[in-house]
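Student: Provided below: coords-v3.cif, containing mmCIF, N, CA and C atoms.
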```cif
data_coords
#
loop_
_atom_site.label_atom_id
_atom_site.label_comp_id
_atom_site.auth_asym_id
_atom_site.auth_seq_id
_atom_site.Cartn_x
_atom_site.Cartn_y
_atom_site.Cartn_z
N MET A 1 32.24 -13.60 5.31
CA MET A 1 33.07 -14.34 6.26
C MET A 1 32.17 -14.94 7.35
N ASP A 2 32.32 -16.20 7.61
CA ASP A 2 31.51 -16.88 8.61
C ASP A 2 31.98 -16.50 10.01
N GLN A 3 31.09 -15.88 10.75
CA GLN A 3 31.42 -15.40 12.10
C GLN A 3 30.82 -16.26 13.20
N ARG A 4 30.31 -17.45 12.85
CA ARG A 4 29.61 -18.26 13.84
C ARG A 4 30.52 -18.69 15.00
N GLN A 5 31.72 -19.15 14.70
CA GLN A 5 32.61 -19.58 15.79
C GLN A 5 33.11 -18.40 16.62
N PRO A 6 33.54 -17.30 15.99
CA PRO A 6 33.90 -16.15 16.81
C PRO A 6 32.73 -15.64 17.66
N PHE A 7 31.52 -15.72 17.10
CA PHE A 7 30.33 -15.32 17.86
C PHE A 7 30.13 -16.25 19.06
N ALA A 8 30.25 -17.56 18.84
CA ALA A 8 30.11 -18.52 19.94
C ALA A 8 31.18 -18.29 21.01
N ASP A 9 32.39 -17.97 20.58
CA ASP A 9 33.46 -17.68 21.54
C ASP A 9 33.13 -16.44 22.37
N MET A 10 32.60 -15.41 21.71
CA MET A 10 32.21 -14.20 22.43
C MET A 10 31.09 -14.50 23.42
N CYS A 11 30.10 -15.30 22.98
CA CYS A 11 29.00 -15.67 23.87
C CYS A 11 29.51 -16.42 25.10
N GLN A 12 30.49 -17.28 24.91
CA GLN A 12 31.07 -18.03 26.03
C GLN A 12 31.69 -17.08 27.05
N THR A 13 32.41 -16.09 26.56
CA THR A 13 33.03 -15.11 27.46
C THR A 13 31.97 -14.32 28.21
N VAL A 14 30.96 -13.82 27.48
CA VAL A 14 29.90 -13.04 28.11
C VAL A 14 29.13 -13.90 29.11
N ARG A 15 28.91 -15.16 28.78
CA ARG A 15 28.22 -16.08 29.69
C ARG A 15 28.99 -16.22 30.99
N GLU A 16 30.30 -16.44 30.88
CA GLU A 16 31.14 -16.58 32.08
C GLU A 16 31.08 -15.32 32.95
N VAL A 17 31.14 -14.16 32.31
CA VAL A 17 31.06 -12.90 33.06
C VAL A 17 29.70 -12.77 33.73
N ALA A 18 28.63 -13.06 32.99
CA ALA A 18 27.28 -12.95 33.54
C ALA A 18 27.10 -13.86 34.76
N LEU A 19 27.55 -15.09 34.65
CA LEU A 19 27.44 -16.01 35.78
C LEU A 19 28.27 -15.54 36.96
N ASP A 20 29.47 -15.04 36.69
CA ASP A 20 30.31 -14.51 37.77
C ASP A 20 29.70 -13.29 38.43
N CYS A 21 28.84 -12.59 37.69
CA CYS A 21 28.20 -11.38 38.21
C CYS A 21 26.81 -11.64 38.77
N GLY A 22 26.43 -12.92 38.90
CA GLY A 22 25.18 -13.25 39.57
C GLY A 22 24.07 -13.82 38.73
N ALA A 23 24.24 -13.93 37.42
CA ALA A 23 23.18 -14.52 36.59
C ALA A 23 22.98 -15.98 36.97
N LEU A 24 21.76 -16.45 36.85
CA LEU A 24 21.45 -17.85 37.16
C LEU A 24 21.82 -18.76 35.99
N ARG A 25 21.58 -18.27 34.78
CA ARG A 25 21.91 -19.05 33.58
C ARG A 25 21.93 -18.12 32.39
N ALA A 26 22.60 -18.58 31.34
CA ALA A 26 22.66 -17.83 30.09
C ALA A 26 22.61 -18.85 28.95
N VAL A 27 21.74 -18.59 27.98
CA VAL A 27 21.56 -19.49 26.85
C VAL A 27 21.72 -18.67 25.57
N ASP A 28 22.53 -19.14 24.65
CA ASP A 28 22.69 -18.51 23.35
C ASP A 28 22.41 -19.54 22.28
N SER A 29 21.73 -19.11 21.22
CA SER A 29 21.32 -20.03 20.16
C SER A 29 21.50 -19.37 18.80
N LEU A 30 21.71 -20.20 17.79
CA LEU A 30 21.68 -19.75 16.41
C LEU A 30 20.48 -20.39 15.73
N ALA A 31 19.84 -19.63 14.86
CA ALA A 31 18.63 -20.09 14.20
C ALA A 31 18.85 -21.42 13.49
N ALA A 32 17.90 -22.31 13.67
CA ALA A 32 17.93 -23.60 12.99
C ALA A 32 16.70 -23.76 12.10
N ASP A 33 15.60 -23.12 12.49
CA ASP A 33 14.36 -23.23 11.73
C ASP A 33 13.57 -21.95 11.96
N VAL A 34 13.91 -20.90 11.21
CA VAL A 34 13.26 -19.60 11.36
C VAL A 34 12.51 -19.31 10.06
N ALA A 35 11.21 -19.42 10.16
CA ALA A 35 10.37 -19.25 8.98
C ALA A 35 10.23 -17.78 8.58
N GLU A 36 10.00 -17.57 7.29
CA GLU A 36 9.71 -16.23 6.79
C GLU A 36 8.23 -15.96 7.04
N GLY A 37 7.95 -14.87 7.74
CA GLY A 37 6.57 -14.54 8.05
C GLY A 37 5.91 -13.70 6.97
N LYS A 38 4.59 -13.61 7.02
CA LYS A 38 3.87 -12.79 6.05
C LYS A 38 3.90 -11.31 6.42
N ILE A 39 3.93 -11.03 7.72
CA ILE A 39 3.94 -9.64 8.17
C ILE A 39 5.28 -9.28 8.80
N THR A 40 5.78 -10.14 9.68
CA THR A 40 7.09 -9.90 10.29
C THR A 40 7.72 -11.24 10.65
N ASP A 41 8.99 -11.22 10.93
CA ASP A 41 9.72 -12.42 11.33
C ASP A 41 11.05 -11.99 11.92
N PHE A 42 11.84 -12.94 12.38
CA PHE A 42 13.13 -12.62 12.98
C PHE A 42 14.06 -11.92 11.99
N ASN A 43 14.09 -12.38 10.75
CA ASN A 43 14.97 -11.76 9.76
C ASN A 43 14.65 -10.29 9.56
N ARG A 44 13.37 -9.96 9.42
CA ARG A 44 12.98 -8.57 9.25
C ARG A 44 13.24 -7.75 10.51
N ALA A 45 13.04 -8.35 11.66
CA ALA A 45 13.21 -7.63 12.92
C ALA A 45 14.63 -7.07 13.07
N VAL A 46 15.60 -7.79 12.57
CA VAL A 46 17.00 -7.34 12.71
C VAL A 46 17.63 -7.00 11.36
N ASN A 47 16.80 -6.92 10.32
CA ASN A 47 17.26 -6.58 8.98
C ASN A 47 18.37 -7.52 8.50
N ALA A 48 18.17 -8.80 8.73
CA ALA A 48 19.16 -9.81 8.34
C ALA A 48 19.01 -10.19 6.88
N ASP A 49 20.10 -10.55 6.28
CA ASP A 49 20.12 -11.03 4.91
C ASP A 49 19.83 -12.53 4.94
N ALA A 50 18.55 -12.88 4.83
CA ALA A 50 18.13 -14.28 4.94
C ALA A 50 18.73 -15.15 3.84
N GLU A 51 19.02 -14.56 2.70
CA GLU A 51 19.59 -15.32 1.58
C GLU A 51 21.11 -15.36 1.65
N GLY A 52 21.68 -14.54 2.50
CA GLY A 52 23.14 -14.46 2.60
C GLY A 52 23.69 -15.38 3.67
N ASP A 53 24.78 -14.98 4.26
CA ASP A 53 25.45 -15.84 5.24
C ASP A 53 25.17 -15.43 6.68
N GLU A 54 24.21 -14.54 6.88
CA GLU A 54 23.90 -14.12 8.24
C GLU A 54 23.02 -15.15 8.94
N ALA A 55 23.23 -15.29 10.23
CA ALA A 55 22.41 -16.19 11.04
C ALA A 55 21.76 -15.38 12.15
N ILE A 56 20.52 -15.69 12.45
CA ILE A 56 19.83 -15.05 13.56
C ILE A 56 20.29 -15.71 14.85
N ALA A 57 20.65 -14.88 15.81
CA ALA A 57 21.05 -15.37 17.13
C ALA A 57 19.99 -14.95 18.14
N PHE A 58 19.79 -15.78 19.15
CA PHE A 58 18.82 -15.49 20.20
C PHE A 58 19.45 -15.89 21.52
N GLY A 59 19.43 -14.98 22.47
CA GLY A 59 20.02 -15.29 23.77
C GLY A 59 19.13 -14.82 24.91
N VAL A 60 19.23 -15.53 26.01
CA VAL A 60 18.49 -15.18 27.22
C VAL A 60 19.43 -15.35 28.41
N THR A 61 19.45 -14.34 29.26
CA THR A 61 20.18 -14.43 30.52
C THR A 61 19.16 -14.29 31.63
N GLN A 62 19.17 -15.24 32.54
CA GLN A 62 18.18 -15.26 33.62
C GLN A 62 18.83 -14.79 34.92
N TRP A 63 18.12 -13.92 35.62
CA TRP A 63 18.58 -13.37 36.89
C TRP A 63 17.54 -13.70 37.96
N ALA A 64 17.94 -13.74 39.19
CA ALA A 64 17.03 -14.08 40.30
C ALA A 64 15.97 -13.00 40.51
N SER A 65 16.30 -11.76 40.20
CA SER A 65 15.36 -10.66 40.42
C SER A 65 15.82 -9.45 39.61
N ARG A 66 14.98 -8.46 39.55
CA ARG A 66 15.33 -7.22 38.87
C ARG A 66 16.55 -6.58 39.55
N GLU A 67 16.57 -6.62 40.86
CA GLU A 67 17.69 -6.04 41.61
C GLU A 67 18.99 -6.78 41.30
N ALA A 68 18.93 -8.11 41.23
CA ALA A 68 20.12 -8.89 40.90
C ALA A 68 20.62 -8.53 39.50
N TYR A 69 19.68 -8.34 38.57
CA TYR A 69 20.06 -7.93 37.22
C TYR A 69 20.74 -6.56 37.24
N GLU A 70 20.13 -5.60 37.91
CA GLU A 70 20.69 -4.25 37.92
C GLU A 70 22.10 -4.22 38.52
N GLN A 71 22.31 -4.94 39.60
CA GLN A 71 23.64 -5.01 40.21
C GLN A 71 24.61 -5.77 39.30
N GLY A 72 24.15 -6.88 38.72
CA GLY A 72 24.99 -7.67 37.85
C GLY A 72 25.37 -6.93 36.57
N ALA A 73 24.43 -6.16 36.03
CA ALA A 73 24.71 -5.41 34.80
C ALA A 73 25.82 -4.39 35.02
N ILE A 74 25.83 -3.75 36.17
CA ILE A 74 26.90 -2.79 36.49
C ILE A 74 28.23 -3.52 36.57
N LYS A 75 28.24 -4.65 37.27
CA LYS A 75 29.48 -5.44 37.39
C LYS A 75 29.97 -5.90 36.02
N MET A 76 29.03 -6.32 35.16
CA MET A 76 29.42 -6.79 33.82
C MET A 76 30.05 -5.67 33.01
N GLN A 77 29.47 -4.48 33.08
CA GLN A 77 30.02 -3.34 32.33
C GLN A 77 31.43 -3.00 32.78
N GLU A 78 31.72 -3.25 34.03
CA GLU A 78 33.05 -2.93 34.57
C GLU A 78 34.05 -4.06 34.39
N ASP A 79 33.59 -5.25 34.00
CA ASP A 79 34.46 -6.41 33.88
C ASP A 79 35.31 -6.31 32.62
N LYS A 80 36.61 -6.43 32.78
CA LYS A 80 37.56 -6.28 31.67
C LYS A 80 37.47 -7.42 30.65
N ARG A 81 36.82 -8.52 31.00
CA ARG A 81 36.66 -9.63 30.05
C ARG A 81 35.59 -9.36 29.00
N MET A 82 34.73 -8.38 29.26
CA MET A 82 33.64 -8.09 28.32
C MET A 82 34.20 -7.57 27.00
N PRO A 83 33.62 -8.01 25.88
CA PRO A 83 34.05 -7.52 24.57
C PRO A 83 33.90 -6.00 24.50
N SER A 84 34.84 -5.36 23.84
CA SER A 84 34.87 -3.89 23.81
C SER A 84 34.05 -3.29 22.68
N GLY A 85 33.51 -4.10 21.80
CA GLY A 85 32.74 -3.57 20.68
C GLY A 85 33.65 -3.18 19.54
N GLY A 86 33.12 -2.39 18.64
CA GLY A 86 33.92 -1.93 17.52
C GLY A 86 33.87 -2.86 16.32
N PRO A 87 34.72 -2.60 15.34
CA PRO A 87 34.66 -3.32 14.07
C PRO A 87 35.09 -4.79 14.16
N ASN A 88 35.71 -5.21 15.23
CA ASN A 88 36.16 -6.60 15.35
C ASN A 88 35.11 -7.52 15.97
N MET A 89 33.94 -6.97 16.29
CA MET A 89 32.88 -7.79 16.86
C MET A 89 32.36 -8.77 15.81
N PRO A 90 32.03 -10.00 16.20
CA PRO A 90 31.51 -10.99 15.24
C PRO A 90 30.02 -10.82 14.96
N MET A 91 29.46 -9.66 15.25
CA MET A 91 28.04 -9.37 15.04
C MET A 91 27.87 -7.87 14.90
N ASP A 92 26.73 -7.48 14.38
CA ASP A 92 26.40 -6.06 14.24
C ASP A 92 25.53 -5.67 15.42
N GLY A 93 26.14 -5.09 16.43
CA GLY A 93 25.42 -4.73 17.65
C GLY A 93 24.33 -3.69 17.45
N LYS A 94 24.38 -2.92 16.36
CA LYS A 94 23.35 -1.92 16.09
C LYS A 94 22.01 -2.57 15.78
N ARG A 95 22.02 -3.84 15.39
CA ARG A 95 20.77 -4.53 15.06
C ARG A 95 20.30 -5.45 16.17
N MET A 96 20.95 -5.38 17.31
CA MET A 96 20.57 -6.23 18.44
C MET A 96 19.33 -5.67 19.12
N ILE A 97 18.42 -6.55 19.47
CA ILE A 97 17.23 -6.17 20.24
C ILE A 97 17.48 -6.60 21.67
N HIS A 98 17.33 -5.68 22.60
CA HIS A 98 17.65 -5.94 24.00
C HIS A 98 16.49 -5.49 24.86
N GLY A 99 16.16 -6.25 25.87
CA GLY A 99 15.10 -5.85 26.77
C GLY A 99 14.97 -6.79 27.94
N GLY A 100 14.21 -6.37 28.91
CA GLY A 100 13.92 -7.19 30.08
C GLY A 100 12.49 -7.69 30.00
N PHE A 101 12.27 -8.87 30.51
CA PHE A 101 10.94 -9.47 30.47
C PHE A 101 10.60 -10.06 31.83
N LYS A 102 9.35 -10.00 32.20
CA LYS A 102 8.87 -10.60 33.43
C LYS A 102 8.28 -11.96 33.08
N VAL A 103 8.70 -12.99 33.78
CA VAL A 103 8.21 -14.35 33.51
C VAL A 103 6.74 -14.43 33.89
N ILE A 104 5.95 -14.96 32.97
CA ILE A 104 4.53 -15.18 33.27
C ILE A 104 4.19 -16.66 33.36
N LEU A 105 5.09 -17.51 32.83
CA LEU A 105 4.88 -18.95 32.91
C LEU A 105 6.24 -19.63 32.84
N ASP A 106 6.45 -20.59 33.70
CA ASP A 106 7.70 -21.33 33.73
C ASP A 106 7.35 -22.81 33.93
N THR A 107 8.09 -23.69 33.29
CA THR A 107 7.80 -25.11 33.40
C THR A 107 8.34 -25.74 34.67
N LYS A 108 9.01 -24.98 35.50
CA LYS A 108 9.55 -25.53 36.75
C LYS A 108 8.44 -25.87 37.71
#
```
Spit out the file's structure as structure tokens when you get a sec.

Tutor:
Amino acid sequence: MDQRQPFADMCQTVREVALDCGALRAVDSLAADVAEGKITDFNRAVNADAEGDEAIAFGVTQWASREAYEQGAIKMQEDKRMPSGGPNMPMDGKRMIHGGFKVILDTK
């Protein structure tokens, strides 16, 4: 079953919540050109079925600071608009890679 539109709808909701909770921006993408690597690649990283109907998604939420993120994350967890998880999610959250990164170069 193609979950791309339900996934996009979920991303829109999460984006709205993130912005309301202080995020500067949120970007969500679906793979358009993800090559198969010799050692590793996006498909292997999340155990995706590259030959099947799964699509790799990539998202970034930008916050003004670590403190803004920490405060915003608490607000997001408490926001009733956030998806509740479970079997009706349009993605397998167990295969999601999540982390924080410090910017080392920006084109601004």

Student: Smallest atom-to-atom distance to A:Thr61: which of A:Gly37, A:Arg25, A:Gly100, A:Gln5, using all atoms listed in the file?

Tutor: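 Under the stated criterion, the closest residue is A:Arg25.
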
Student: Expressed in Å to a single decimal, how great is the separation between atom CA of A:Lys38 and atom C of A:Ile56?

Tutor: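 Atom-to-atom, atom CA of A:Lys38 and atom C of A:Ile56 are spaced 18.9 Å apart.
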
Student: Take atom N of A:Ala23 and atom N of A:Met10 and report the distance between them in Å, one decimal.

Tutor: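 Interatomic distance, atom N of A:Ala23 to atom N of A:Met10: 17.9 Å.
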
Student: Taking the file as I've supplied it (selection: the PyMOL selection byres ((chain A and resi 57) around 6)), which residues are included? Please answer as a PyMOL selection string.

Tutor: chain A and resi 29-31+55-56+58-59

Student: Those selected residues, please, written with N, CA and C atoms and delivered as a PDB file, keeping the file's coordinate frame.

Tutor:
```pdb
ATOM      1  N   SER A  29      21.730 -19.110  21.220  1.00  0.00           N
ATOM      2  CA  SER A  29      21.320 -20.030  20.160  1.00  0.00           C
ATOM      3  C   SER A  29      21.500 -19.370  18.800  1.00  0.00           C
ATOM      4  N   LEU A  30      21.710 -20.200  17.790  1.00  0.00           N
ATOM      5  CA  LEU A  30      21.680 -19.750  16.410  1.00  0.00           C
ATOM      6  C   LEU A  30      20.480 -20.390  15.730  1.00  0.00           C
ATOM      7  N   ALA A  31      19.840 -19.630  14.860  1.00  0.00           N
ATOM      8  CA  ALA A  31      18.630 -20.090  14.200  1.00  0.00           C
ATOM      9  C   ALA A  31      18.850 -21.420  13.490  1.00  0.00           C
ATOM     10  N   ALA A  55      23.230 -15.290  10.230  1.00  0.00           N
ATOM     11  CA  ALA A  55      22.410 -16.190  11.040  1.00  0.00           C
ATOM     12  C   ALA A  55      21.760 -15.380  12.150  1.00  0.00           C
ATOM     13  N   ILE A  56      20.520 -15.690  12.450  1.00  0.00           N
ATOM     14  CA  ILE A  56      19.830 -15.050  13.560  1.00  0.00           C
ATOM     15  C   ILE A  56      20.290 -15.710  14.850  1.00  0.00           C
ATOM     16  N   PHE A  58      19.790 -15.780  19.150  1.00  0.00           N
ATOM     17  CA  PHE A  58      18.820 -15.490  20.200  1.00  0.00           C
ATOM     18  C   PHE A  58      19.450 -15.890  21.520  1.00  0.00           C
ATOM     19  N   GLY A  59      19.430 -14.980  22.470  1.00  0.00           N
ATOM     20  CA  GLY A  59      20.020 -15.290  23.770  1.00  0.00           C
ATOM     21  C   GLY A  59      19.130 -14.820  24.910  1.00  0.00           C
TER      22      GLY A  59
END
```

Student: Counting all atoms listed in the file, what is within 6.5 Å of A:Cys21, bar same-chain residues fewer than 3 positions away, as a VMD selection string?

Tutor: chain A and resid 16 to 18 71 to 72 75 to 76

Student: One decimal, in Å: what's the spacing between atom CA of A:Ile74 and atom C of A:Gln3?

Tutor: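 One can read the atom CA of A:Ile74 to atom C of A:Gln3 distance as 27.2 Å.
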
Student: Could you tell me, as a PyMOL selection string, which residues of stretch 10-96 of chain A DSSP assigns to strand (DSSP E) when given the backbone?

Tutor: chain A and resi 25-30+57-62

Student: On this file, the PyMOL selection byres (((chain A and resi 27 and name CA) around 6) and name CA) gives some set of residues; write that set as a PyMOL selection string.

Tutor: chain A and resi 26+28+59-60

Student: Could you please write out, as number ranges by chain, every residue of stretch 3-106 of chain A that DSSP assigns to helix (DSSP H, G or I)?

Tutor: A: 4-20, 42-45, 66-78, 93-95

Student: Atoms to include: N, CA and C atoms. Write the selected residues as an mmCIF file, keeping the file's coordinate frame.

Tutor:
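What ended up in result-v9.cif:
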```
data_model
loop_
_atom_site.group_PDB
_atom_site.id
_atom_site.type_symbol
_atom_site.label_atom_id
_atom_site.label_comp_id
_atom_site.auth_asym_id
_atom_site.auth_seq_id
_atom_site.Cartn_x
_atom_site.Cartn_y
_atom_site.Cartn_z
ATOM 1 N N ARG A 4 30.310 -17.450 12.850
ATOM 2 C CA ARG A 4 29.610 -18.260 13.840
ATOM 3 C C ARG A 4 30.520 -18.690 15.000
ATOM 4 N N GLN A 5 31.720 -19.150 14.700
ATOM 5 C CA GLN A 5 32.610 -19.580 15.790
ATOM 6 C C GLN A 5 33.110 -18.400 16.620
ATOM 7 N N PRO A 6 33.540 -17.300 15.990
ATOM 8 C CA PRO A 6 33.900 -16.150 16.810
ATOM 9 C C PRO A 6 32.730 -15.640 17.660
ATOM 10 N N PHE A 7 31.520 -15.720 17.100
ATOM 11 C CA PHE A 7 30.330 -15.320 17.860
ATOM 12 C C PHE A 7 30.130 -16.250 19.060
ATOM 13 N N ALA A 8 30.250 -17.560 18.840
ATOM 14 C CA ALA A 8 30.110 -18.520 19.940
ATOM 15 C C ALA A 8 31.180 -18.290 21.010
ATOM 16 N N ASP A 9 32.390 -17.970 20.580
ATOM 17 C CA ASP A 9 33.460 -17.680 21.540
ATOM 18 C C ASP A 9 33.130 -16.440 22.370
ATOM 19 N N MET A 10 32.600 -15.410 21.710
ATOM 20 C CA MET A 10 32.210 -14.200 22.430
ATOM 21 C C MET A 10 31.090 -14.500 23.420
ATOM 22 N N CYS A 11 30.100 -15.300 22.980
ATOM 23 C CA CYS A 11 29.000 -15.670 23.870
ATOM 24 C C CYS A 11 29.510 -16.420 25.100
ATOM 25 N N GLN A 12 30.490 -17.280 24.910
ATOM 26 C CA GLN A 12 31.070 -18.030 26.030
ATOM 27 C C GLN A 12 31.690 -17.080 27.050
ATOM 28 N N THR A 13 32.410 -16.090 26.560
ATOM 29 C CA THR A 13 33.030 -15.110 27.460
ATOM 30 C C THR A 13 31.970 -14.320 28.210
ATOM 31 N N VAL A 14 30.960 -13.820 27.480
ATOM 32 C CA VAL A 14 29.900 -13.040 28.110
ATOM 33 C C VAL A 14 29.130 -13.900 29.110
ATOM 34 N N ARG A 15 28.910 -15.160 28.780
ATOM 35 C CA ARG A 15 28.220 -16.080 29.690
ATOM 36 C C ARG A 15 28.990 -16.220 30.990
ATOM 37 N N GLU A 16 30.300 -16.440 30.880
ATOM 38 C CA GLU A 16 31.140 -16.580 32.080
ATOM 39 C C GLU A 16 31.080 -15.320 32.950
ATOM 40 N N VAL A 17 31.140 -14.160 32.310
ATOM 41 C CA VAL A 17 31.060 -12.900 33.060
ATOM 42 C C VAL A 17 29.700 -12.770 33.730
ATOM 43 N N ALA A 18 28.630 -13.060 32.990
ATOM 44 C CA ALA A 18 27.280 -12.950 33.540
ATOM 45 C C ALA A 18 27.100 -13.860 34.760
ATOM 46 N N LEU A 19 27.550 -15.090 34.650
ATOM 47 C CA LEU A 19 27.440 -16.010 35.780
ATOM 48 C C LEU A 19 28.270 -15.540 36.960
ATOM 49 N N ASP A 20 29.470 -15.040 36.690
ATOM 50 C CA ASP A 20 30.310 -14.510 37.770
ATOM 51 C C ASP A 20 29.700 -13.290 38.430
ATOM 52 N N PHE A 42 11.840 -12.940 12.380
ATOM 53 C CA PHE A 42 13.130 -12.620 12.980
ATOM 54 C C PHE A 42 14.060 -11.920 11.990
ATOM 55 N N ASN A 43 14.090 -12.380 10.750
ATOM 56 C CA ASN A 43 14.970 -11.760 9.760
ATOM 57 C C ASN A 43 14.650 -10.290 9.560
ATOM 58 N N ARG A 44 13.370 -9.960 9.420
ATOM 59 C CA ARG A 44 12.980 -8.570 9.250
ATOM 60 C C ARG A 44 13.240 -7.750 10.510
ATOM 61 N N ALA A 45 13.040 -8.350 11.660
ATOM 62 C CA ALA A 45 13.210 -7.630 12.920
ATOM 63 C C ALA A 45 14.630 -7.070 13.070
ATOM 64 N N ARG A 66 14.980 -8.460 39.550
ATOM 65 C CA ARG A 66 15.330 -7.220 38.870
ATOM 66 C C ARG A 66 16.550 -6.580 39.550
ATOM 67 N N GLU A 67 16.570 -6.620 40.860
ATOM 68 C CA GLU A 67 17.690 -6.040 41.610
ATOM 69 C C GLU A 67 18.990 -6.780 41.300
ATOM 70 N N ALA A 68 18.930 -8.110 41.230
ATOM 71 C CA ALA A 68 20.120 -8.890 40.900
ATOM 72 C C ALA A 68 20.620 -8.530 39.500
ATOM 73 N N TYR A 69 19.680 -8.340 38.570
ATOM 74 C CA TYR A 69 20.060 -7.930 37.220
ATOM 75 C C TYR A 69 20.740 -6.560 37.240
ATOM 76 N N GLU A 70 20.130 -5.600 37.910
ATOM 77 C CA GLU A 70 20.690 -4.250 37.920
ATOM 78 C C GLU A 70 22.100 -4.220 38.520
ATOM 79 N N GLN A 71 22.310 -4.940 39.600
ATOM 80 C CA GLN A 71 23.640 -5.010 40.210
ATOM 81 C C GLN A 71 24.610 -5.770 39.300
ATOM 82 N N GLY A 72 24.150 -6.880 38.720
ATOM 83 C CA GLY A 72 24.990 -7.670 37.850
ATOM 84 C C GLY A 72 25.370 -6.930 36.570
ATOM 85 N N ALA A 73 24.430 -6.160 36.030
ATOM 86 C CA ALA A 73 24.710 -5.410 34.800
ATOM 87 C C ALA A 73 25.820 -4.390 35.020
ATOM 88 N N ILE A 74 25.830 -3.750 36.170
ATOM 89 C CA ILE A 74 26.900 -2.790 36.490
ATOM 90 C C ILE A 74 28.230 -3.520 36.570
ATOM 91 N N LYS A 75 28.240 -4.650 37.270
ATOM 92 C CA LYS A 75 29.480 -5.440 37.390
ATOM 93 C C LYS A 75 29.970 -5.900 36.020
ATOM 94 N N MET A 76 29.030 -6.320 35.160
ATOM 95 C CA MET A 76 29.420 -6.790 33.820
ATOM 96 C C MET A 76 30.050 -5.670 33.010
ATOM 97 N N GLN A 77 29.470 -4.480 33.080
ATOM 98 C CA GLN A 77 30.020 -3.340 32.330
ATOM 99 C C GLN A 77 31.430 -3.000 32.780
ATOM 100 N N GLU A 78 31.720 -3.250 34.030
ATOM 101 C CA GLU A 78 33.050 -2.930 34.570
ATOM 102 C C GLU A 78 34.050 -4.060 34.390
ATOM 103 N N GLY A 93 26.140 -5.090 16.430
ATOM 104 C CA GLY A 93 25.420 -4.730 17.650
ATOM 105 C C GLY A 93 24.330 -3.690 17.450
ATOM 106 N N LYS A 94 24.380 -2.920 16.360
ATOM 107 C CA LYS A 94 23.350 -1.920 16.090
ATOM 108 C C LYS A 94 22.010 -2.570 15.780
ATOM 109 N N ARG A 95 22.020 -3.840 15.390
ATOM 110 C CA ARG A 95 20.770 -4.530 15.060
ATOM 111 C C ARG A 95 20.300 -5.450 16.170
#
```

Student: Give me, as a PyMOL selection string, all polymer residues having an atom no more than 8 Å from A:Ala45, counting all atoms listed in the file and skipping those fewer than 3 positions away in the same chain.

Tutor: chain A and resi 40-42+48+95-97

Student: Calculate, to one decimal in Å, the centre and edge lengths of the box along x, y and z of the file that holds all listed atoms of stretch 99-104 of chain A with 4 Å of margin on each side, and present them as JSON.

Tutor:
```
{"center_x": 10.2, "center_y": -11.3, "center_z": 29.9, "size_x": 20.0, "size_y": 18.8, "size_z": 16.0}
```

Student: Out of A:Gln12, A:Gln62, A:Asn88, A:Asn47, which residue has the shortest atom-to-atom distance to A:Leu24 when counting only N, CA and C atoms?

Tutor: A:Gln62
